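The structure appears right after this line, and notes come after that.
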Amino acid sequence: MMLLRLITWPYVRKHLLRCVLTTAGIVLGVAVFVGMHTANQSVLYAFSRTVDRIAGTTQLQVSAGETGFPEDVLDRVQAHPDVRVAVPVIEAAVQTGIQGQGNLLVLGVDMTGDRALRDYDLDNADEAIVDDPLVFIAQPDSIIVSRQFTERTGLKLNDKLTMQTMQGPRRFTIRGVMKGDGLASAFGGNLAIMDIYAAQMVFGRDRSFDRIDLAVREGVKVEDAQRSLQAALGPGLQVDPPSSRGKQFEAVSRIYSLNANVTSLFALFIGLFLIYNTFSIAVTQRRSEIGILRALGASRGQVQRLFLIESGIAGLFGSILGILLGVFLARGLAVYVGSFFGEVYGVVERAQEVSAKPSLLVFALLIGIATSLIAGWIPARSAGQVDPVKALQKGRVQVISEGENRVRRWTALAMLAAAIGCVFLGHSSFFFYTGYMLSVVAVLLLTPALCTWLTNLLRNPLKWLRPVEGALAADSLLQSPRRTSGTVAALALSVALVIGLGGIAKASYETIREWADNALNPDFFITSSESITQRSFRFPPSLGDELRKVEGVDEVQAVRTARIIYKDTPVMLVAADIESISRRVKMHVIEGDAATMYPRVARGEGVVLSDNFALMRKVHAGDVLELLSPTGPVRMPVLGVVTDYSDQQGTILMDRRVFIRNWRDDTINAFRVYLKPGMDREAMRQKLQNEFGGRTRLFVMTNTELKQFIERVTDQWFGLTYVQIIVAVLVSILGIVNTLTVSITDRKRELGVLQAVGGLRNQIRHTIWMEAISIGVLGLAIGFALGAVHLYYILDVAKRDLAGFRLAYRYPVEIAAVLVPVMLGSALFSGIWPAESAVRGSLVEALEYE
Amino acid sequence: MNRLMLALLTAAPLIAQDARSIVDEAQKRSRADSQRYEGTLEVIDSKRKISTKRWVYERLGAAGESKAVLRFTAPAEVKGVALLIFNHPDRASDQWMWTPAVQRERRIAFQDRRTRFFGTDFTFEDLEERDVDRSGYKLVGEENYAGALCWKIESTPKAEARSQYSRLYLWIRKDNYVLTQAECYGKDRLVRRIRYSDIEKVQNIWTPRMLEVHDVERDSTTVMKLEKLQYNLPLPAENFTLQSLRREQ
């Protein structure tokens, strides 16, 4: 403690700005980690809470993924001896048109039995009407809403509320207002209850239910009831506690969570380099103090501990500030994540409260401190090894000895060789990730050597530009290899991150566009929701027949999409008229023979899988899939694998007749409509809208609009990437500012002497600016190379462990071109303040420095 | 109403043969092959607010194994809603409801028989017609009730009856074997009290034409009145099917 007070505190006071900049790396890393996780968790928590609150006293739920199941399943469940009460449920997110209120989650329930499971806690309702289920049931326009909703909208009992239904906008009467913190507060209070049979009608569900909520008989264990009911219903229906819905949602959004983790880890990794760099510099600067301490009897361990404690304290402060900033950031991010989940996964949820889990905050604090300690460990060790005699020799330890350089180079080359070896063994995850890590570490180890080599290359162009300033700038970098290479490494990492992300974004956009151009070729997509990922509403099959009769329509393909559970994971099932689709769409076939597989799928003899489904689940043509349908398991041979980017969890393409037969559901999510040649698209769209829009909820999207929608969803997905890029650029700017500030302080006397012997202020400025730009150039050059390697690996990570998407390697030249002015501009900008501080300081003070 | 009376009469064990015989006799005396009436139902809530409903009720078959149709006629909000009930002696009845506004019939599962019957103070269990042997009976004594001497009988539902009640007290008039009052206890607490009045002889069957149920917890009361009551009239069996439920709106 005494050492901290006598040695560290005066240093911190003297170099407060530098300490702040150092800590900023950790602040940013921890803030991104906490912000993203908190936002993510808040939305997941809101979803789980909605599930909990809606569940009431429900102990088990019977479901069949998103497909729902026929009504007769209810009789079987109710007849089971372990079941005390079982009630059917339909859920749909509906637009009300009330500005700023978002969607209303409508729960269709059977009021004759539902109150045995859910407490509606009716408020100021007209008891004669609302408390009477008979009247509620008899009038299908009846809804119950929450008090929160009435307070927000100003609506009251018996007021009319318009909701978008399959029959177009319909007016409903508020016949009850729920209060309390239970059911009424689910979905942030945007909850409405209506009769299930009215819900079937208005949401186009035909005679099916989404799920059955049930409670078991007294004295029966829930687990026992689950087992026996599951056995009685067969594997086509899932019997799970309500909490499993939250888990499924988490499984669906797994890729997003992984992406958030990668972003925060990268931010912390870059922060680690910042700290390492600053502490290395601090050790260099304070070597005389260390020498004196050692001369006075301080042991190596004491000095080492002193620096470790310093880095720990920096980590502690940085983490605390990062946590505060992260919680603040999470508020904004939660809104983004909520709408993102709605667009990408079709799961509508709004996080009303953003609160971080204490365990997450503790973890963030620990990783912030740990990162700082790891970063500070090498500088602390070198501080402990300072020779008291050499300590007074200025500049000595900034130079990396030739021996040290050689060891680094050979280690790096060995690692590179090992990494290349791992490429050939890359089918194993262990070798793949080891190779990835080795290649990154090798490039980082080579950074000092590369910096020296590249700076020597830069020296002449710099001298050509400004003979004196150029030479001074290059020499300054060459004389302080530790300082330079640390910053350049951080900058290179940032650039590599941007290149990797940019590359994956570019590959994704190009591949998805290519797929969309190929697969999404109808003139119109007629959907029941504005967003194609929302599947609350469904069309009756009769609409397809009517569409076919419209003059100018050449062909109509009905498509039913639904998430089903395959080996405990929700995957997308696409049921369509395969004969017609295979005639119109030529998908890129990866496995199987297009000439034979499509006719066989059309005959119901098997299914075709998307590439990502096959890759992630290691399924190939010739294998047999066992799909769970409400009528029992359906065994379907895999007849082929095609490129398809419809869903991150993968898709199973089957003929719609197979789906109707086994899932007993002939409703439709979307129609693909082809027009006869020469038809005016806009006029036809208007015609369809006029003919059907008045009596059914229907959205006619043109081919271009659908592609724009996909592009928008992709943009939203890569919105996270932009956050990563911003973080990377910010951290690298911090690194440059830090390095230059240290460099100026270090060379205060030298710069003072320069001024004293006639050096002009502009010359000093230009020297520092050139130094800054040179660091930028070095960082960019190494970063571009490292980025190329990084991109290779993350494309493979995306394929093997994330979404199973096979993306082509395309170096993001455009992004690299943008990075040049951005990074060099940032470097120059970072150099402005240190340069001004160098030229505006007192010359006497500068000469007296040290 | 006879259904409700019958249900309460048949809720109990065979500890005392006398009590069981009384209950059995009361049930026999109220038996008819068919029944029709127009009913009025008033629910008076704890704030003394009254809501009224009217319906037409038809029953075919002897109590315990009957089929019944109940069709609401007023108020306008519920007009046309109909209920088809198949009673079974040994288990809960099967019921379907027809809702004209959505053109759908729904099966009503009374797994939770404690649920109130459409906002009234009866529960679904109160309306079931069950076998006399599903409860045990004990003669507690004799009491005057509403100016008539009654047997006071304690009825305890057997475990297989899965009743919400732990015991019931029944007052059966000695002169005509008509149930005049029932007190229903759940875990030794009075839950519900049912009083039968306006007792008249209709086609040789003593029938209470007014029934008053008081829910002690909710402090609400339901009054049911029977009008145009007829027994043993010819009713076609095809009127008691799901098809007829859909047809007759």
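As shown in the structure tokens, the chain order sets the letters A, B, ...; within each chain, residues go from 1, and ligands are also counted from 1 in the order they appear.
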Give the residues of chain A that lie within 12 Å of chain B; count only C-alpha atoms, and format the answer as JSON, numbers by chain. {"A": [71, 72, 74, 75, 76, 77, 78, 79, 80, 81, 82, 83, 84, 85, 86, 87, 88, 110, 111, 112, 113, 114, 115, 116, 117, 126, 127, 128, 129, 130, 131, 132, 133, 134, 135, 136, 137, 138, 139, 140, 141, 142, 195, 196, 197, 198, 199, 200, 201, 202, 206, 207, 214, 215, 216, 217, 218]}
Selection near B:Asp175, 10 Å with only C-alpha atoms, sequence-local residues under 4 positions removed, as a PyMOL selection string: chain B and resi 148-150
Residue set, stretch 130-199 of chain B restricted to strand (DSSP E or B), as a PyMOL selection string: chain B and resi 135-145+148-157+167-173+179-186+189-199
Residues just named, written with N, CA and C atoms as a tab-separated table (two decimals), in the first residue's frame:
```tsv
chain	number	residue	atom	x	y	z
B	135	SER	N	-71.91	-41.56	-2.92
B	135	SER	CA	-71.74	-40.84	-1.65
B	135	SER	C	-72.19	-41.73	-0.51
B	136	GLY	N	-71.76	-41.38	0.69
B	136	GLY	CA	-72.24	-42.07	1.88
B	136	GLY	C	-73.21	-41.15	2.61
B	137	TYR	N	-74.15	-41.75	3.36
B	137	TYR	CA	-75.19	-40.93	4.01
B	137	TYR	C	-75.30	-41.28	5.49
B	138	LYS	N	-75.63	-40.25	6.24
B	138	LYS	CA	-75.85	-40.47	7.67
B	138	LYS	C	-77.02	-39.58	8.10
B	139	LEU	N	-77.97	-40.18	8.79
B	139	LEU	CA	-79.10	-39.40	9.27
B	139	LEU	C	-78.67	-38.65	10.52
B	140	VAL	N	-78.69	-37.35	10.44
B	140	VAL	CA	-78.23	-36.53	11.57
B	140	VAL	C	-79.35	-36.30	12.56
B	141	GLY	N	-80.57	-36.12	12.01
B	141	GLY	CA	-81.70	-35.88	12.90
B	141	GLY	C	-82.88	-35.36	12.12
B	142	GLU	N	-83.80	-34.74	12.81
B	142	GLU	CA	-84.98	-34.17	12.15
B	142	GLU	C	-85.09	-32.71	12.55
B	143	GLU	N	-85.45	-31.86	11.59
B	143	GLU	CA	-85.55	-30.42	11.84
B	143	GLU	C	-86.71	-29.85	11.08
B	144	ASN	N	-87.29	-28.79	11.61
B	144	ASN	CA	-88.30	-28.06	10.86
B	144	ASN	C	-87.60	-27.08	9.94
B	145	TYR	N	-88.00	-27.12	8.70
B	145	TYR	CA	-87.43	-26.13	7.78
B	145	TYR	C	-88.56	-25.62	6.87
B	148	ALA	N	-91.94	-27.11	7.41
B	148	ALA	CA	-92.17	-28.55	7.22
B	148	ALA	C	-91.10	-29.34	7.95
B	149	LEU	N	-91.50	-30.52	8.45
B	149	LEU	CA	-90.54	-31.37	9.16
B	149	LEU	C	-89.65	-32.09	8.14
B	150	CYS	N	-88.36	-32.02	8.38
B	150	CYS	CA	-87.41	-32.58	7.40
B	150	CYS	C	-86.44	-33.53	8.10
B	151	TRP	N	-85.95	-34.51	7.30
B	151	TRP	CA	-84.79	-35.28	7.74
B	151	TRP	C	-83.56	-34.45	7.43
B	152	LYS	N	-82.63	-34.40	8.39
B	152	LYS	CA	-81.36	-33.75	8.08
B	152	LYS	C	-80.33	-34.85	7.87
B	153	ILE	N	-79.81	-34.92	6.67
B	153	ILE	CA	-78.90	-36.02	6.30
B	153	ILE	C	-77.53	-35.46	5.94
B	154	GLU	N	-76.53	-36.11	6.48
B	154	GLU	CA	-75.15	-35.73	6.10
B	154	GLU	C	-74.70	-36.64	4.97
B	155	SER	N	-74.26	-36.02	3.88
B	155	SER	CA	-73.81	-36.80	2.72
B	155	SER	C	-72.32	-36.56	2.53
B	156	THR	N	-71.56	-37.62	2.43
B	156	THR	CA	-70.10	-37.49	2.26
B	156	THR	C	-69.69	-38.13	0.94
B	157	PRO	N	-69.25	-37.34	-0.01
B	157	PRO	CA	-68.85	-37.92	-1.30
B	157	PRO	C	-67.68	-38.88	-1.13
B	167	ARG	N	-68.28	-32.44	2.60
B	167	ARG	CA	-69.57	-33.01	3.04
B	167	ARG	C	-70.70	-32.05	2.69
B	168	LEU	N	-71.91	-32.60	2.68
B	168	LEU	CA	-73.11	-31.80	2.42
B	168	LEU	C	-74.16	-32.14	3.47
B	169	TYR	N	-74.96	-31.16	3.85
B	169	TYR	CA	-76.13	-31.43	4.69
B	169	TYR	C	-77.36	-31.22	3.84
B	170	LEU	N	-78.25	-32.21	3.86
B	170	LEU	CA	-79.46	-32.15	3.04
B	170	LEU	C	-80.69	-32.14	3.95
B	171	TRP	N	-81.64	-31.30	3.64
B	171	TRP	CA	-82.91	-31.29	4.36
B	171	TRP	C	-83.98	-31.83	3.41
B	172	ILE	N	-84.54	-33.00	3.72
B	172	ILE	CA	-85.55	-33.62	2.85
B	172	ILE	C	-86.87	-33.70	3.63
B	173	ARG	N	-87.90	-33.13	2.99
B	173	ARG	CA	-89.20	-33.09	3.68
B	173	ARG	C	-89.73	-34.51	3.89
B	179	LEU	N	-86.34	-32.30	-1.58
B	179	LEU	CA	-85.17	-31.63	-0.99
B	179	LEU	C	-85.50	-30.15	-0.86
B	180	THR	N	-85.31	-29.58	0.34
B	180	THR	CA	-85.68	-28.18	0.53
B	180	THR	C	-84.47	-27.30	0.81
B	181	GLN	N	-83.43	-27.89	1.31
B	181	GLN	CA	-82.22	-27.09	1.53
B	181	GLN	C	-80.98	-28.00	1.48
B	182	ALA	N	-79.89	-27.40	0.99
B	182	ALA	CA	-78.61	-28.12	1.01
B	182	ALA	C	-77.51	-27.15	1.41
B	183	GLU	N	-76.65	-27.62	2.30
B	183	GLU	CA	-75.48	-26.81	2.66
B	183	GLU	C	-74.23	-27.59	2.24
B	184	CYS	N	-73.39	-26.91	1.47
B	184	CYS	CA	-72.23	-27.60	0.90
B	184	CYS	C	-70.97	-27.09	1.59
B	185	TYR	N	-70.18	-28.01	2.12
B	185	TYR	CA	-68.96	-27.65	2.85
B	185	TYR	C	-67.71	-28.09	2.08
B	186	GLY	N	-66.76	-27.21	2.07
B	186	GLY	CA	-65.46	-27.55	1.49
B	186	GLY	C	-64.44	-27.38	2.59
B	189	ARG	N	-65.72	-25.79	5.75
B	189	ARG	CA	-66.17	-24.40	5.68
B	189	ARG	C	-67.39	-24.36	4.75
B	190	LEU	N	-68.41	-23.64	5.20
B	190	LEU	CA	-69.61	-23.54	4.36
B	190	LEU	C	-69.27	-22.75	3.10
B	191	VAL	N	-69.49	-23.38	1.97
B	191	VAL	CA	-69.15	-22.75	0.69
B	191	VAL	C	-70.41	-22.22	0.01
B	192	ARG	N	-71.44	-23.01	0.04
B	192	ARG	CA	-72.62	-22.71	-0.77
B	192	ARG	C	-73.86	-23.18	-0.02
B	193	ARG	N	-74.94	-22.39	-0.11
B	193	ARG	CA	-76.22	-22.84	0.49
B	193	ARG	C	-77.28	-22.76	-0.61
B	194	ILE	N	-78.06	-23.83	-0.73
B	194	ILE	CA	-79.07	-23.87	-1.79
B	194	ILE	C	-80.44	-24.08	-1.14
B	195	ARG	N	-81.36	-23.19	-1.48
B	195	ARG	CA	-82.71	-23.31	-0.92
B	195	ARG	C	-83.70	-23.55	-2.04
B	196	TYR	N	-84.67	-24.47	-1.79
B	196	TYR	CA	-85.68	-24.81	-2.79
B	196	TYR	C	-87.03	-24.34	-2.24
B	197	SER	N	-87.78	-23.62	-3.08
B	197	SER	CA	-89.08	-23.12	-2.59
B	197	SER	C	-90.13	-23.19	-3.72
B	198	ASP	N	-91.30	-22.61	-3.46
B	198	ASP	CA	-92.43	-22.68	-4.40
B	198	ASP	C	-92.68	-24.12	-4.83
B	199	ILE	N	-92.75	-24.99	-3.85
B	199	ILE	CA	-92.89	-26.42	-4.18
B	199	ILE	C	-94.34	-26.71	-4.60
```
Using only C-alpha atoms, can you tell me which of B:Ser46, B:Gln203, B:Thr123, B:Ser93 comes closest to B:Arg31?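 For B:Arg31, the nearest of the given residues is B:Gln203.
We find atom CA of A:Glu310 and atom CA of A:Trp833 to be spaced 26.4 Å apart.
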Considering only C-alpha atoms, give me a table of residues in stretch 652-704 of chain A that are at most 9 Å from stretch 622-637 of chain A, with the closest atom pair and distance in Å for each, as CSV.
```
residue,atom,partner,partner_atom,distance
A:Phe659,CA,A:Ser629,CA,8.7
A:Arg661,CA,A:Thr631,CA,8.7
A:Asn662,CA,A:Thr631,CA,5.7
A:Trp663,CA,A:Ser629,CA,5.5
A:Arg664,CA,A:Pro630,CA,7.9
```
Selected residues written out, C-alpha atoms, as a PDB file, in the first residue's frame:
```pdb
ATOM      1  CA  PHE A 659     -47.515 -31.602 -44.837  1.00  0.00           C
ATOM      2  CA  ARG A 661     -51.499 -35.264 -44.692  1.00  0.00           C
ATOM      3  CA  ASN A 662     -49.278 -35.465 -41.647  1.00  0.00           C
ATOM      4  CA  TRP A 663     -49.791 -32.113 -39.985  1.00  0.00           C
ATOM      5  CA  ARG A 664     -53.465 -31.985 -40.959  1.00  0.00           C
TER       6      ARG A 664
END
```
Residues at most 8 Å from A:Pro522, counting only C-alpha atoms, excluding those fewer than 2 positions away in the same chain, as a list in words? Leu520, Phe524, Phe525, Arg672, Val673, Tyr674, Leu675 and Asn703 of chain A
